[in-house]
$ cat run-v9.cif   # mmCIF, C-alpha atoms
data_run
#
loop_
_atom_site.label_atom_id
_atom_site.label_comp_id
_atom_site.auth_asym_id
_atom_site.auth_seq_id
_atom_site.Cartn_x
_atom_site.Cartn_y
_atom_site.Cartn_z
CA MET A 1 -3.18 -10.58 0.23
CA LEU A 2 -5.55 -8.58 -1.98
CA PRO A 3 -8.14 -6.08 -0.83
CA GLU A 4 -11.73 -6.82 -1.75
CA PHE A 5 -12.69 -5.34 -5.08
CA ARG A 6 -15.18 -2.49 -4.75
CA SER A 7 -17.33 -1.56 -7.72
CA HIS A 8 -16.88 2.19 -7.05
CA ALA A 9 -13.16 1.71 -7.74
CA SER A 10 -13.96 0.93 -11.35
CA VAL A 11 -15.68 4.29 -11.97
CA PRO A 12 -12.44 6.23 -12.63
CA LEU A 13 -11.16 3.35 -14.77
CA SER A 14 -14.41 3.32 -16.77
CA HIS A 15 -13.98 7.05 -17.30
CA GLN A 16 -10.37 6.54 -18.46
CA LEU A 17 -11.40 3.78 -20.89
CA GLU A 18 -14.12 5.97 -22.30
CA GLN A 19 -11.87 9.05 -22.60
CA ARG A 20 -8.63 7.43 -23.80
CA LEU A 21 -9.91 4.51 -25.85
CA GLY A 22 -13.33 5.76 -26.87
CA LEU A 23 -14.96 2.64 -25.45
CA ASP A 24 -18.69 2.75 -24.84
CA PRO A 25 -19.32 1.55 -21.25
CA ARG A 26 -22.11 -0.66 -22.57
CA LEU A 27 -19.80 -2.39 -25.10
CA GLU A 28 -20.25 -6.15 -25.16
CA ALA A 29 -17.14 -8.19 -24.41
CA GLY A 30 -17.66 -10.26 -27.56
CA ARG A 31 -17.02 -7.18 -29.69
CA LEU A 32 -13.51 -6.59 -28.31
CA ASP A 33 -10.51 -7.68 -30.32
CA VAL A 34 -7.12 -8.59 -28.85
CA GLU A 35 -5.70 -5.11 -29.44
CA ARG A 36 -8.57 -3.49 -27.51
CA VAL A 37 -8.14 -5.97 -24.65
CA ALA A 38 -4.42 -5.12 -24.56
CA ASP A 39 -5.25 -1.39 -24.51
CA ILE A 40 -7.63 -1.98 -21.61
CA ALA A 41 -4.95 -3.93 -19.75
CA VAL A 42 -2.47 -1.07 -20.16
CA VAL A 43 -4.92 1.54 -18.88
CA ALA A 44 -6.02 -0.74 -16.01
CA SER A 45 -2.40 -1.38 -15.04
CA ALA A 46 -1.64 2.35 -14.96
CA HIS A 47 -4.78 2.89 -12.87
CA SER A 48 -4.07 0.22 -10.25
CA ASP A 49 -1.33 1.89 -8.17
CA GLY A 50 -3.41 2.39 -5.05
CA TYR A 51 -4.94 -1.08 -5.17
CA ALA A 52 -1.55 -2.77 -5.64
CA ALA A 53 0.08 -0.66 -2.91
CA THR A 54 -2.73 -1.43 -0.46
CA ALA A 55 -2.37 -5.14 -1.22
CA HIS A 56 1.39 -4.90 -0.64
CA LEU A 57 0.84 -3.06 2.65
CA LEU A 58 -1.45 -5.86 3.82
CA GLY A 59 1.07 -8.45 2.68
CA LEU A 60 3.81 -6.81 4.74
CA LEU A 61 1.62 -6.81 7.84
CA ALA A 62 0.60 -10.42 7.19
CA ALA A 63 4.29 -11.39 7.41
CA LEU A 64 4.36 -10.34 11.06
CA PRO A 65 3.12 -12.57 13.89
CA ALA A 66 -0.66 -12.55 14.13
CA PRO A 67 -2.12 -10.35 16.87
CA THR A 68 -3.16 -13.36 18.96
CA GLU A 69 -1.92 -14.67 22.30
CA VAL A 70 0.97 -16.34 20.50
CA GLY A 71 2.05 -13.05 18.91
CA GLU A 72 1.40 -10.91 21.98
CA HIS A 73 5.08 -10.91 22.99
CA PHE A 74 6.13 -9.63 19.55
CA TRP A 75 3.62 -6.77 19.58
CA SER A 76 4.56 -5.65 23.09
CA ASP A 77 8.26 -5.75 22.12
CA LEU A 78 7.49 -3.71 18.99
CA TRP A 79 5.64 -1.13 21.06
CA ARG A 80 8.45 -0.83 23.61
CA SER A 81 11.17 -0.64 20.95
CA SER A 82 9.40 1.79 18.59
CA GLY A 83 7.81 3.95 21.27
CA SER A 84 4.74 4.15 19.05
CA LEU A 85 1.22 3.16 19.92
CA TYR A 86 0.20 3.70 16.29
CA LEU A 87 1.34 0.22 15.27
CA LEU A 88 -0.39 -1.76 18.00
CA PRO A 89 -3.04 -4.18 16.70
CA ALA A 90 -5.77 -2.48 18.74
CA ASN A 91 -4.94 0.81 17.02
CA ILE A 92 -4.68 -0.50 13.45
CA LYS A 93 -7.33 -3.24 13.43
CA GLU A 94 -10.07 -0.98 12.03
CA TYR A 95 -7.68 0.33 9.37
CA VAL A 96 -6.55 -3.17 8.40
CA LEU A 97 -10.18 -4.24 7.98
CA SER A 98 -10.90 -1.13 5.91
CA SER A 99 -7.87 -1.94 3.75
CA LEU A 100 -9.18 -5.44 3.20
CA ALA A 101 -12.37 -3.75 2.00
CA GLY A 102 -10.34 -1.69 -0.50
CA GLU A 103 -9.77 1.54 1.48
CA GLY A 104 -6.06 1.67 2.38
CA THR A 105 -5.53 5.36 3.08
CA GLY A 106 -6.42 5.16 6.78
CA LEU A 107 -3.89 2.39 7.40
CA ALA A 108 -1.26 4.21 5.35
CA GLY A 109 -1.79 7.39 7.35
CA GLN A 110 -1.57 5.50 10.64
CA ILE A 111 1.68 3.84 9.58
CA LEU A 112 3.24 7.12 8.47
CA SER A 113 2.22 8.68 11.80
CA ALA A 114 4.11 5.89 13.58
CA PHE A 115 7.21 6.60 11.52
CA ASP A 116 6.85 10.32 12.15
CA GLU A 117 7.02 9.88 15.91
CA MET A 118 9.88 7.34 15.96
CA THR A 119 13.39 8.56 16.70
CA PRO A 120 16.30 7.01 14.74
CA PRO A 121 17.29 4.78 17.72
CA GLN A 122 13.67 3.65 18.10
CA ARG A 123 13.49 2.83 14.41
CA ILE A 124 16.65 0.72 14.69
CA ALA A 125 15.26 -1.07 17.75
CA ALA A 126 11.91 -1.69 16.02
CA GLY A 127 13.78 -3.03 12.99
CA GLU A 128 15.62 -5.48 15.23
CA VAL A 129 12.35 -6.76 16.75
CA ILE A 130 10.71 -7.08 13.33
CA GLY A 131 13.81 -8.65 11.79
CA GLN A 132 13.95 -11.25 14.54
CA ALA A 133 10.32 -12.20 13.99
CA LEU A 134 10.73 -12.35 10.20
CA SER A 135 13.95 -14.36 10.33
CA GLU A 136 12.25 -16.94 12.56
CA SER A 137 9.07 -17.17 10.49
CA ASP A 138 10.66 -16.97 7.03
CA HIS A 139 13.66 -19.11 7.90
CA LEU A 140 16.21 -16.52 6.80
CA PRO A 141 19.03 -17.35 9.20
CA ASP A 142 21.77 -16.12 6.84
CA LEU A 143 20.64 -12.50 7.00
CA LYS A 144 21.15 -10.23 9.98
CA THR A 145 17.90 -9.50 11.78
CA GLN A 146 18.69 -5.78 11.83
CA VAL A 147 19.02 -5.75 8.02
CA ILE A 148 15.81 -7.72 7.52
CA GLY A 149 13.91 -5.44 9.91
CA GLU A 150 15.23 -2.22 8.38
CA LEU A 151 14.34 -3.39 4.87
CA TRP A 152 10.85 -4.33 6.04
CA LEU A 153 10.39 -0.94 7.73
CA ARG A 154 11.58 0.94 4.63
CA ASP A 155 9.24 -1.09 2.45
CA LEU A 156 6.33 -0.44 4.83
CA GLU A 157 7.01 3.30 4.92
CA LEU A 158 7.39 3.65 1.15
CA THR A 159 4.34 1.52 0.47
CA ALA A 160 2.23 3.58 2.88
CA TRP A 161 3.38 6.68 1.01
CA ARG A 162 2.44 5.05 -2.32
CA VAL A 163 -1.08 4.32 -1.02
CA LEU A 164 -1.59 7.95 0.00
CA HIS A 165 -0.01 9.30 -3.16
CA ALA A 166 -2.12 7.07 -5.43
CA ASP A 167 -5.25 8.26 -3.64
CA HIS A 168 -4.46 11.86 -4.57
CA LYS A 169 -3.81 11.25 -8.25
CA SER A 170 -6.21 12.88 -10.61
CA ALA A 171 -7.55 11.46 -13.85
CA ASP A 172 -8.48 15.00 -14.87
CA PRO A 173 -7.46 15.56 -18.52
CA ALA A 174 -6.92 19.29 -17.87
CA ARG A 175 -4.36 18.55 -15.15
CA ARG A 176 -2.57 16.11 -17.45
CA LYS A 177 -2.51 18.73 -20.21
CA ALA A 178 -1.11 21.36 -17.78
CA PHE A 179 1.54 18.89 -16.63
CA LEU A 180 2.54 18.13 -20.22
CA ALA A 181 2.64 21.84 -21.10
CA ALA A 182 4.87 22.59 -18.12
CA TRP A 183 7.35 19.89 -19.05
CA THR A 184 7.44 20.62 -22.76
CA SER A 185 7.89 24.37 -22.32
CA ALA A 186 11.11 24.09 -20.35
#

$ encode --input "run-v9.cif" --output "structure tokens"
Amino acid sequence: MLPEFRSHASVPLSHQLEQRLGLDPRLEAGRLDVERVADIAVVASAHSDGYAATAHLLGLLAALPAPTEVGEHFWSDLWRSSGSLYLLPANIKEYVLSSLAGEGTGLAGQILSAFDEMTPPQRIAAGEVIGQALSESDHLPDLKTQVIGELWLRDLELTAWRVLHADHKSADPARRKAFLAAWTSA
């Protein structure tokens, strides 16, 4: 599941292409050779962390039962087991919709808040509920539900962190130069 592409997201990439590759933003596509297209792909790939992480976050949530009447039992079990209201559909709906529009930091923050308030036993219990739902929907009967749930929770937590971390990256050449200087001086 991919977030909608927002034109403002291309501004930092345009800046990177101009700075690193010396490409004029008004350059016609017909004047690009294969090497330039490959260079653009490399810079775009390096730039896409937040977009890819937000898409992965949405994909993880899409694997769970939908927040409809059919999935109501799952969501109430998840709430009781995790002890967290942060993950309830009513509390993440706005963030999920924002993520679909390309803004994943709100959802990532909400998810990390849920993890922050869970105790280790609650996390294990939530993993069991999630694992049960995933094993039924993905037809993974050979794996223990607790293992499936714990892997899903770890992936969700790390992906939420990646979304927030990617949002705080800077394309500032001075910061990159300072970083390089610090590492080469040691």

$ residues_around --input "run-v9.cif" --residues "stretch 77-84 of chain A" --least-positions-apart "2" --cutoff "6 Å" --atoms "all atoms listed in the file" --output "PyMOL selection string"
chain A and resi 74-75+86+114+122-123+125-126

$ write_last_selection --input "run-v9.cif" --atoms "C-alpha atoms" --output "PDB file, keeping the file's coordinate frame"
ATOM      1  CA  PHE A  74       6.130  -9.630  19.550  1.00  0.00           C
ATOM      2  CA  TRP A  75       3.620  -6.770  19.580  1.00  0.00           C
ATOM      3  CA  TYR A  86       0.200   3.700  16.290  1.00  0.00           C
ATOM      4  CA  ALA A 114       4.110   5.890  13.580  1.00  0.00           C
ATOM      5  CA  GLN A 122      13.670   3.650  18.100  1.00  0.00           C
ATOM      6  CA  ARG A 123      13.490   2.830  14.410  1.00  0.00           C
ATOM      7  CA  ALA A 125      15.260  -1.070  17.750  1.00  0.00           C
ATOM      8  CA  ALA A 126      11.910  -1.690  16.020  1.00  0.00           C
TER       9      ALA A 126
END

$ closest_residue --input "run-v9.cif" --among "A:Ala160, A:Leu134, A:Val96, A:Leu85" --to "A:Ile111" --atoms "only C-alpha atoms"
A:Ala160

$ atom_distance --input "run-v9.cif" --atom1 "atom CA of A:Val70" --atom2 "atom CA of A:Ser98"
24.2 Å

$ closest_residue --input "run-v9.cif" --among "A:Leu107, A:Trp161, A:Arg175, A:Ala181" --to "A:Asn91" --atoms "all atoms listed in the file"
A:Leu107

$ closest_atom_pairs --input "run-v9.cif" --of "stretch 82-162 of chain A" --to "stretch 46-57 of chain A" --cutoff "12 Å" --atoms "all atoms listed in the file" --output "JSON lines"
{"residue": "A:Tyr95", "atom": "CA", "partner": "A:Thr54", "partner_atom": "CA", "distance": 11.1}
{"residue": "A:Val96", "atom": "CA", "partner": "A:Leu57", "partner_atom": "CA", "distance": 9.4}
{"residue": "A:Leu97", "atom": "CA", "partner": "A:Thr54", "partner_atom": "CA", "distance": 11.6}
{"residue": "A:Ser98", "atom": "CA", "partner": "A:Thr54", "partner_atom": "CA", "distance": 10.4}
{"residue": "A:Ser99", "atom": "CA", "partner": "A:Thr54", "partner_atom": "CA", "distance": 6.7}
{"residue": "A:Leu100", "atom": "CA", "partner": "A:Ala55", "partner_atom": "CA", "distance": 8.1}
{"residue": "A:Ala101", "atom": "CA", "partner": "A:Thr54", "partner_atom": "CA", "distance": 10.2}
{"residue": "A:Gly102", "atom": "CA", "partner": "A:Tyr51", "partner_atom": "CA", "distance": 7.2}
{"residue": "A:Glu103", "atom": "CA", "partner": "A:Thr54", "partner_atom": "CA", "distance": 7.9}
{"residue": "A:Gly104", "atom": "CA", "partner": "A:Thr54", "partner_atom": "CA", "distance": 5.4}
{"residue": "A:Thr105", "atom": "CA", "partner": "A:Thr54", "partner_atom": "CA", "distance": 8.2}
{"residue": "A:Gly106", "atom": "CA", "partner": "A:Thr54", "partner_atom": "CA", "distance": 10.5}
{"residue": "A:Leu107", "atom": "CA", "partner": "A:Leu57", "partner_atom": "CA", "distance": 8.6}
{"residue": "A:Ala108", "atom": "CA", "partner": "A:Leu57", "partner_atom": "CA", "distance": 8.0}
{"residue": "A:Gly109", "atom": "CA", "partner": "A:Leu57", "partner_atom": "CA", "distance": 11.8}
{"residue": "A:Gln110", "atom": "CA", "partner": "A:Leu57", "partner_atom": "CA", "distance": 12.0}
{"residue": "A:Ile111", "atom": "CA", "partner": "A:Leu57", "partner_atom": "CA", "distance": 9.8}
{"residue": "A:Leu112", "atom": "CA", "partner": "A:Leu57", "partner_atom": "CA", "distance": 12.0}
{"residue": "A:Trp152", "atom": "CA", "partner": "A:Leu57", "partner_atom": "CA", "distance": 10.6}
{"residue": "A:Leu153", "atom": "CA", "partner": "A:Leu57", "partner_atom": "CA", "distance": 11.0}
{"residue": "A:Arg154", "atom": "CA", "partner": "A:Leu57", "partner_atom": "CA", "distance": 11.6}
{"residue": "A:Asp155", "atom": "CA", "partner": "A:Leu57", "partner_atom": "CA", "distance": 8.6}
{"residue": "A:Leu156", "atom": "CA", "partner": "A:Leu57", "partner_atom": "CA", "distance": 6.5}
{"residue": "A:Glu157", "atom": "CA", "partner": "A:Leu57", "partner_atom": "CA", "distance": 9.1}
{"residue": "A:Leu158", "atom": "CA", "partner": "A:Ala53", "partner_atom": "CA", "distance": 9.4}
{"residue": "A:Thr159", "atom": "CA", "partner": "A:Ala53", "partner_atom": "CA", "distance": 5.9}
{"residue": "A:Ala160", "atom": "CA", "partner": "A:Leu57", "partner_atom": "CA", "distance": 6.8}
{"residue": "A:Trp161", "atom": "CA", "partner": "A:Ala53", "partner_atom": "CA", "distance": 9.0}
{"residue": "A:Arg162", "atom": "CA", "partner": "A:Ala53", "partner_atom": "CA", "distance": 6.2}

$ atom_distance --input "run-v9.cif" --atom1 "atom CA of A:Thr145" --atom2 "atom CA of A:Ser113"
24.0 Å

$ atom_distance --input "run-v9.cif" --atom1 "atom CA of A:Ile130" --atom2 "atom CA of A:Lys144"
11.4 Å
